[in-house]
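In what follows, a single structure is set out as structure tokens and then discussed.
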Amino acid sequence: MKYLLLVHHDEDAFSAMSETIRKEMLEESVQLTHQLHTKGQYLSASPLHPASTAVLVRVREGKPLVTDGPFVETREQLAGYFLINAKDFDEAIGIALRVPGARIGTVEVRPLIELSGLPTEDC
Amino acid sequence: MSDRPAKQVRKVVEEVYRTESRRILATLIRLLGDFDAAEEALHEAFAVAVEQWTRDGIPANPRAWLVSTGRFKAIDGMRRRTRFDASLAELASQLEAGIHDAQENPDESIDDDRLRLIFTCCHPALSSEAQVAMTLREVCGLTTEEIAKAFLTSPPTVAQRIVRAKAKIRKARIPYEVPSETTLPDRLDAVLRVIYLVFNEGYSASSGESLTRHDLSAEAIRLGRLLVELLPDPEAMGLLALMLLHDSRRAARITRTGDLILLEDQDRSLWNRDQIAEGIALVGKAFASRQIGPYTIQAAISGLHSQATHPTATDWPQIVSLYDLLMQASPSPVVELNRAVAVAMRDSPLAGLALIDAIFARGDLTNYYLAHSAKAELCRRLGRIAEAKAAYKQALGLTQQKPEQRFLEQRLAGLQDRN
């Protein structure tokens, strides 16, 4: 079963951290993807640029509406994600606890709806 | 066929339902992998039992018979519905294929299934309210109406909580498993918390007219016993001991009119000696394990009160040292307050008051009525009547419970008389 781990953290607090620590956390995340990969649990992962680089797109009554983000001012912003394979929620939670972002922010664990008829990944 | 055997069989079925239905459900959930399917299968199996047992006699192992009948009924049902939903065919075949692996020892895994059920109902991914509702519904077999009544909410609210919890279990695939060794301590804490919450809701209802709702406390004690039986963890024993020791004072702690009686004013002859003996024995066992947690320490404190034949015979020095231990195991302002009261008893009201004032000075417990009530009591003993009155009034403004309000009003009135 697939789970999406959404890593949220306080961007201001994160950017205030030293360069070395941020690098270490990123390396740890990369290591985690490799550990998951050897167990066939890795599907995809990536950090995101800050929410200030985002754009919000809506279509209302056929009209496009493009505005600058973020949508709502919250303390924590989406900073990255891991898409993983796990046998159940407990295994997914166990992996989420190993995400470095969990130590400074929050990791939301979301089960994916299995949808047939999507193009298959061939990467 | 005469009427009598049918009646007798019905009685047997009812008895089996009362004693075994929760166990059968726990196993069916594992076998069918779904709460709703298991519940449906359970009821179908019992319906078939009434019919077949009357005709063919009662089977040697009614539980195993009901599990296997329930399972076949569920698979049959799926096969019938495959006409509308093709995905069920595969599921039915899977379930059927699994029968041969699992059927050799139907009784062996039954305790594991009950533990699985408890841990799944108390999974941390469910809200606290959902954990309580699921545990009472699935593990204890209470109806939605009974749960709603006990928690002073509406049946639809409880029903919705249960439906949502089951959907989350299914969609997020919350496993039906006893947690692994590494996560067991945390997960067990969650289970103990749910049981203690149910007990406290029964012991001191958070709102409303009646101060005790015995059914819930009895249910929590039953759950505590079940857990100790299935998983003899020291803290599970500590929690069971704590509940038994609290419950032993049930008859003595409220008046006929529902008013609260303080520990020191209770008629100790009304205390339930059997519960006290069992509680103290459990505390001893838990302490012997050398893994002493907060529930065990609280139970030990409660046990010391229970052993005092008269309030003046209370071993306050020992109680203070247990509170010191509790402050290490699970520090909180409420524990600090209780320790302050014990220090007041061991040393002097002034020493206790200084500790309470220090808590308030930090900004803690200022909205906690028991803290103000404790302060008022110590001021009263010191003859500081104006301060006592002010503190009682503050306490009064902070509780919604009628019996507690009456208690505080009486205390306040007592001070007025003296002045």
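In the structure tokens, each chain is lettered A, B, ... as it comes, each chain's residues begin at 1, and ligands are numbered from 1 in order of appearance.
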
Distance table requested - chain A against chain B, cut-off 10 Å, only C-alpha atoms: one row per qualifying residue with the closest atom pair and its distance in Å to one decimal, ordered by chain and rising residue number, as a Markdown table.
| residue | atom | partner | partner_atom | distance |
| --- | --- | --- | --- | --- |
| A:Met1 | CA | B:Arg173 | CA | 8.4 |
| A:Lys2 | CA | B:Ala172 | CA | 9.5 |
| A:Tyr3 | CA | B:Ala172 | CA | 8.5 |
| A:Ala86 | CA | B:Arg173 | CA | 9.9 |
| A:Lys87 | CA | B:Arg173 | CA | 8.3 |
| A:Asp88 | CA | B:Arg173 | CA | 5.2 |
| A:Phe89 | CA | B:Ile174 | CA | 4.9 |
| A:Asp90 | CA | B:Ile174 | CA | 6.6 |
| A:Glu91 | CA | B:Pro175 | CA | 9.1 |
| A:Ala92 | CA | B:Ala172 | CA | 9.7 |
| A:Ile93 | CA | B:Ala125 | CA | 9.5 |
| A:Gly94 | CA | B:Thr183 | CA | 9.2 |
| A:Val109 | CA | B:Ala172 | CA | 9.1 |
| A:Arg110 | CA | B:Ala172 | CA | 7.4 |
| A:Pro111 | CA | B:Ala172 | CA | 5.2 |
| A:Leu112 | CA | B:Ala172 | CA | 8.2 |
| A:Ile113 | CA | B:Lys171 | CA | 8.2 |

Next item on the list: Write out as a list in words the residues lying within 9 Å of Arg10 in chain B, counting only C-alpha atoms and excluding same-chain residues fewer than 2 positions away.
Entry: Pro5, Ala6, Lys7, Gln8, Val12, Val13, Glu14, Glu15, Ala49, Val50, Trp53 and Thr54 of chain B

Next item on the list: Going by DSSP on the backbone, which bits of range 119-309 of chain B are alpha helix (DSSP H)? Write them as a PyMOL selection string, please.
Entry: chain B and resi 119-121+128-134+144-150+155-171+184-203+214-230+234-247+250-253+273-288+294-307

Next item on the list: Name the residues of range 56-123 of chain A that fall into strand (DSSP E) according to DSSP on the backbone, using the chain letters and numbers of this document, as a ChimeraX atom specification.
Entry: /A:56-60,63-68,77-85,106-111

May I have the residues from that selection written out with N, CA, C and O atoms, as a short mmCIF file (atom, residue, chain, number, x, y, z; two decimals), in the first residue's frame?
data_model
loop_
_atom_site.label_atom_id
_atom_site.label_comp_id
_atom_site.auth_asym_id
_atom_site.auth_seq_id
_atom_site.Cartn_x
_atom_site.Cartn_y
_atom_site.Cartn_z
N LEU A 56 -0.72 30.10 -6.69
CA LEU A 56 -1.99 29.41 -6.48
C LEU A 56 -2.87 29.60 -7.71
O LEU A 56 -3.06 30.72 -8.17
N VAL A 57 -3.38 28.50 -8.20
CA VAL A 57 -4.14 28.52 -9.45
C VAL A 57 -5.55 28.00 -9.21
O VAL A 57 -5.72 26.95 -8.58
N ARG A 58 -6.54 28.73 -9.65
CA ARG A 58 -7.93 28.28 -9.53
C ARG A 58 -8.68 28.58 -10.83
O ARG A 58 -8.33 29.54 -11.52
N VAL A 59 -9.67 27.79 -11.07
CA VAL A 59 -10.58 28.11 -12.17
C VAL A 59 -11.98 28.24 -11.58
O VAL A 59 -12.48 27.30 -10.94
N ARG A 60 -12.58 29.42 -11.71
CA ARG A 60 -13.93 29.64 -11.19
C ARG A 60 -14.84 30.12 -12.33
O ARG A 60 -14.51 31.12 -12.97
N LYS A 63 -13.17 30.81 -15.46
CA LYS A 63 -12.14 31.86 -15.52
C LYS A 63 -10.91 31.46 -14.71
O LYS A 63 -11.03 31.06 -13.55
N PRO A 64 -9.72 31.60 -15.31
CA PRO A 64 -8.51 31.28 -14.54
C PRO A 64 -8.19 32.39 -13.53
O PRO A 64 -8.36 33.57 -13.82
N LEU A 65 -7.81 31.95 -12.31
CA LEU A 65 -7.39 32.90 -11.28
C LEU A 65 -6.02 32.46 -10.80
O LEU A 65 -5.86 31.36 -10.29
N VAL A 66 -5.02 33.32 -11.06
CA VAL A 66 -3.66 32.98 -10.64
C VAL A 66 -3.20 34.02 -9.63
O VAL A 66 -3.16 35.21 -9.93
N THR A 67 -2.93 33.56 -8.39
CA THR A 67 -2.49 34.51 -7.34
C THR A 67 -1.25 33.97 -6.66
O THR A 67 -0.93 32.79 -6.76
N ASP A 68 -0.57 34.87 -5.95
CA ASP A 68 0.64 34.41 -5.27
C ASP A 68 0.27 33.68 -3.98
O ASP A 68 -0.71 33.99 -3.34
N GLN A 77 4.95 25.11 7.01
CA GLN A 77 4.68 25.02 5.58
C GLN A 77 5.17 23.67 5.04
O GLN A 77 6.05 23.05 5.62
N LEU A 78 4.57 23.28 3.92
CA LEU A 78 5.00 22.04 3.27
C LEU A 78 6.43 22.22 2.76
O LEU A 78 6.72 23.15 2.01
N ALA A 79 7.32 21.34 3.18
CA ALA A 79 8.73 21.51 2.86
C ALA A 79 9.27 20.38 1.98
O ALA A 79 10.36 20.51 1.41
N GLY A 80 8.51 19.29 1.89
CA GLY A 80 8.99 18.17 1.09
C GLY A 80 8.08 16.97 1.27
O GLY A 80 7.12 17.03 2.03
N TYR A 81 8.40 15.91 0.52
CA TYR A 81 7.53 14.73 0.62
C TYR A 81 8.32 13.46 0.38
O TYR A 81 9.41 13.49 -0.23
N PHE A 82 7.80 12.36 0.86
CA PHE A 82 8.29 11.01 0.53
C PHE A 82 7.08 10.21 0.09
O PHE A 82 6.07 10.21 0.80
N LEU A 83 7.16 9.56 -1.05
CA LEU A 83 6.11 8.64 -1.46
C LEU A 83 6.66 7.22 -1.26
O LEU A 83 7.69 6.87 -1.84
N ILE A 84 6.01 6.46 -0.40
CA ILE A 84 6.59 5.17 -0.01
C ILE A 84 5.60 4.01 -0.17
O ILE A 84 4.39 4.22 -0.26
N ASN A 85 6.14 2.82 -0.12
CA ASN A 85 5.37 1.58 -0.04
C ASN A 85 5.50 1.05 1.38
O ASN A 85 6.61 0.96 1.88
N THR A 106 6.54 18.61 11.42
CA THR A 106 5.51 17.59 11.52
C THR A 106 5.46 16.80 10.22
O THR A 106 5.53 17.38 9.14
N VAL A 107 5.32 15.49 10.33
CA VAL A 107 5.15 14.67 9.13
C VAL A 107 3.72 14.14 9.12
O VAL A 107 3.29 13.48 10.07
N GLU A 108 2.99 14.47 8.08
CA GLU A 108 1.62 13.98 7.93
C GLU A 108 1.67 12.71 7.08
O GLU A 108 2.26 12.71 6.00
N VAL A 109 1.08 11.65 7.58
CA VAL A 109 1.10 10.36 6.87
C VAL A 109 -0.27 10.16 6.23
O VAL A 109 -1.28 10.06 6.94
N ARG A 110 -0.32 10.12 4.89
CA ARG A 110 -1.61 9.98 4.20
C ARG A 110 -1.63 8.74 3.33
O ARG A 110 -0.76 8.57 2.48
N PRO A 111 -2.61 7.87 3.56
CA PRO A 111 -2.74 6.71 2.67
C PRO A 111 -3.25 7.16 1.29
O PRO A 111 -4.08 8.06 1.20
#

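Relative to CA of Ala165 in chain B, CA of Leu126 in chain B is found at 6.5 Å.
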
Note to self: Can you measure CA of Ala96 in chain A to CA of Ala45 in chain A for me? One decimal in Å is fine.
What the structure shows: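 Atom-to-atom, CA of Ala96 in chain A to CA of Ala45 in chain A, that is 12.5 Å.
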
Which polymer residues have any atom within 8 Å of an atom of range 225-232 of chain B, counting only C-alpha atoms, with same-chain residues fewer than 3 positions away left out, as a tab-separated table (two decimals) with C-alpha atoms, in the first residue's frame?
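Saved to around-v7.tsv:
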chain	number	residue	atom	x	y	z
B	111	ASP	CA	-6.09	-14.41	23.38
B	112	ASP	CA	-3.89	-12.80	20.76
B	115	LEU	CA	-5.15	-8.17	22.40
B	221	ILE	CA	-12.12	-2.65	35.81
B	222	ARG	CA	-13.23	-5.53	33.61
B	236	ALA	CA	-1.31	-2.76	33.66
B	237	MET	CA	-1.33	-4.32	37.14
B	240	LEU	CA	-5.96	-2.28	37.78

Notebook entry, point to check: Quick one: residues within 12 Å of Ser348 in chain B, only C-alpha atoms counted, chain neighbours fewer than 5 positions away excluded, as a list in words?
Noted result: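 The contact residues come out as Trp316, Ala340, Val341, Ala342, Val343, Leu353, Ala354, Leu355, Leu378, Cys379, Arg381 and Leu382 of chain B.
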
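Once range 135-147 of chain B and its same-chain neighbours fewer than 6 positions away are set aside, Ser21, Arg22, Arg23, Leu25, Ala26, Phe35, Arg114, Leu117, Ile118, Thr120, Cys121, Cys122, Thr153, Ser154, Pro155, Pro156, Val158, Ala159, Ile162, Val194, Ile195, Val198, Leu216, Glu219, Arg222 and Leu223 of chain B remain within 9 Å of it when counting only C-alpha atoms.
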
Can you write out the residues you just picked, keeping N, CA, C and O atoms, as a CSV table (one decimal), in the first residue's frame?
chain,number,residue,atom,x,y,z
B,21,SER,N,-19.1,-13.7,22.9
B,21,SER,CA,-19.3,-13.0,21.6
B,21,SER,C,-18.1,-12.1,21.3
B,21,SER,O,-17.7,-11.9,20.2
B,22,ARG,N,-17.5,-11.5,22.4
B,22,ARG,CA,-16.4,-10.5,22.1
B,22,ARG,C,-15.2,-11.3,21.6
B,22,ARG,O,-14.4,-10.8,20.8
B,23,ARG,N,-14.9,-12.5,22.2
B,23,ARG,CA,-13.8,-13.3,21.7
B,23,ARG,C,-14.0,-13.7,20.3
B,23,ARG,O,-13.1,-13.6,19.4
B,25,LEU,N,-15.8,-12.3,18.0
B,25,LEU,CA,-15.7,-11.1,17.2
B,25,LEU,C,-14.2,-10.8,16.9
B,25,LEU,O,-13.8,-10.6,15.7
B,26,ALA,N,-13.4,-10.8,17.9
B,26,ALA,CA,-12.0,-10.5,17.8
B,26,ALA,C,-11.3,-11.4,16.8
B,26,ALA,O,-10.5,-11.0,16.0
B,35,PHE,N,-14.0,-4.9,10.3
B,35,PHE,CA,-14.8,-4.9,11.5
B,35,PHE,C,-16.3,-5.1,11.1
B,35,PHE,O,-17.0,-5.9,11.8
B,114,ARG,N,-7.9,-11.1,21.0
B,114,ARG,CA,-8.4,-10.0,21.9
B,114,ARG,C,-7.5,-8.9,22.1
B,114,ARG,O,-7.9,-7.7,22.2
B,117,LEU,N,-7.4,-6.7,19.1
B,117,LEU,CA,-8.6,-5.9,19.1
B,117,LEU,C,-8.4,-4.6,20.0
B,117,LEU,O,-8.7,-3.5,19.6
B,118,ILE,N,-7.9,-4.9,21.2
B,118,ILE,CA,-7.6,-3.8,22.1
B,118,ILE,C,-6.6,-2.8,21.5
B,118,ILE,O,-6.9,-1.6,21.5
B,120,THR,N,-5.8,-2.2,18.4
B,120,THR,CA,-6.3,-1.6,17.2
B,120,THR,C,-7.3,-0.5,17.6
B,120,THR,O,-7.3,0.6,17.1
B,121,CYS,N,-8.2,-0.8,18.6
B,121,CYS,CA,-9.2,0.2,19.0
B,121,CYS,C,-8.5,1.4,19.7
B,121,CYS,O,-9.0,2.5,19.7
B,122,CYS,N,-7.4,1.2,20.3
B,122,CYS,CA,-6.6,2.2,21.0
B,122,CYS,C,-5.5,2.8,20.2
B,122,CYS,O,-4.5,3.3,20.7
B,153,THR,N,-23.7,12.1,25.6
B,153,THR,CA,-23.7,12.6,24.2
B,153,THR,C,-24.9,11.9,23.5
B,153,THR,O,-25.5,11.0,24.1
B,154,SER,N,-25.1,12.2,22.2
B,154,SER,CA,-26.2,11.6,21.5
B,154,SER,C,-25.7,10.3,20.8
B,154,SER,O,-24.6,10.2,20.4
B,155,PRO,N,-26.6,9.3,20.7
B,155,PRO,CA,-26.2,8.1,19.9
B,155,PRO,C,-25.7,8.4,18.5
B,155,PRO,O,-24.7,7.8,18.1
B,156,PRO,N,-26.3,9.3,17.7
B,156,PRO,CA,-25.7,9.6,16.4
B,156,PRO,C,-24.2,10.0,16.5
B,156,PRO,O,-23.4,9.7,15.6
B,158,VAL,N,-22.0,9.2,18.7
B,158,VAL,CA,-21.1,8.1,19.0
B,158,VAL,C,-21.0,7.2,17.8
B,158,VAL,O,-20.0,6.7,17.4
B,159,ALA,N,-22.2,7.0,17.1
B,159,ALA,CA,-22.2,6.1,15.9
B,159,ALA,C,-21.3,6.7,14.9
B,159,ALA,O,-20.5,6.0,14.2
B,162,ILE,N,-17.7,6.0,15.6
B,162,ILE,CA,-17.3,4.6,15.4
B,162,ILE,C,-17.2,4.4,13.9
B,162,ILE,O,-16.2,3.7,13.4
B,194,VAL,N,-6.8,4.9,27.8
B,194,VAL,CA,-8.2,4.8,27.5
B,194,VAL,C,-8.9,4.1,28.6
B,194,VAL,O,-10.0,4.6,29.0
B,195,ILE,N,-8.4,3.1,29.2
B,195,ILE,CA,-9.0,2.4,30.3
B,195,ILE,C,-9.2,3.3,31.5
B,195,ILE,O,-10.3,3.3,32.1
B,198,VAL,N,-12.0,5.8,30.8
B,198,VAL,CA,-13.3,5.2,31.0
B,198,VAL,C,-13.6,5.1,32.5
B,198,VAL,O,-14.7,5.5,32.9
B,216,LEU,N,-19.6,2.4,33.9
B,216,LEU,CA,-18.4,2.7,33.2
B,216,LEU,C,-17.2,2.2,34.1
B,216,LEU,O,-16.2,1.7,33.5
B,219,GLU,N,-16.9,-1.4,33.9
B,219,GLU,CA,-16.4,-1.8,32.6
B,219,GLU,C,-14.9,-1.6,32.5
B,219,GLU,O,-14.2,-2.5,32.0
B,222,ARG,N,-13.2,-4.3,34.4
B,222,ARG,CA,-13.2,-5.5,33.6
B,222,ARG,C,-12.2,-5.5,32.5
B,222,ARG,O,-11.4,-6.5,32.3
B,223,LEU,N,-12.0,-4.3,31.9
B,223,LEU,CA,-11.0,-4.2,30.8
B,223,LEU,C,-9.6,-4.3,31.4
B,223,LEU,O,-8.7,-5.0,30.8
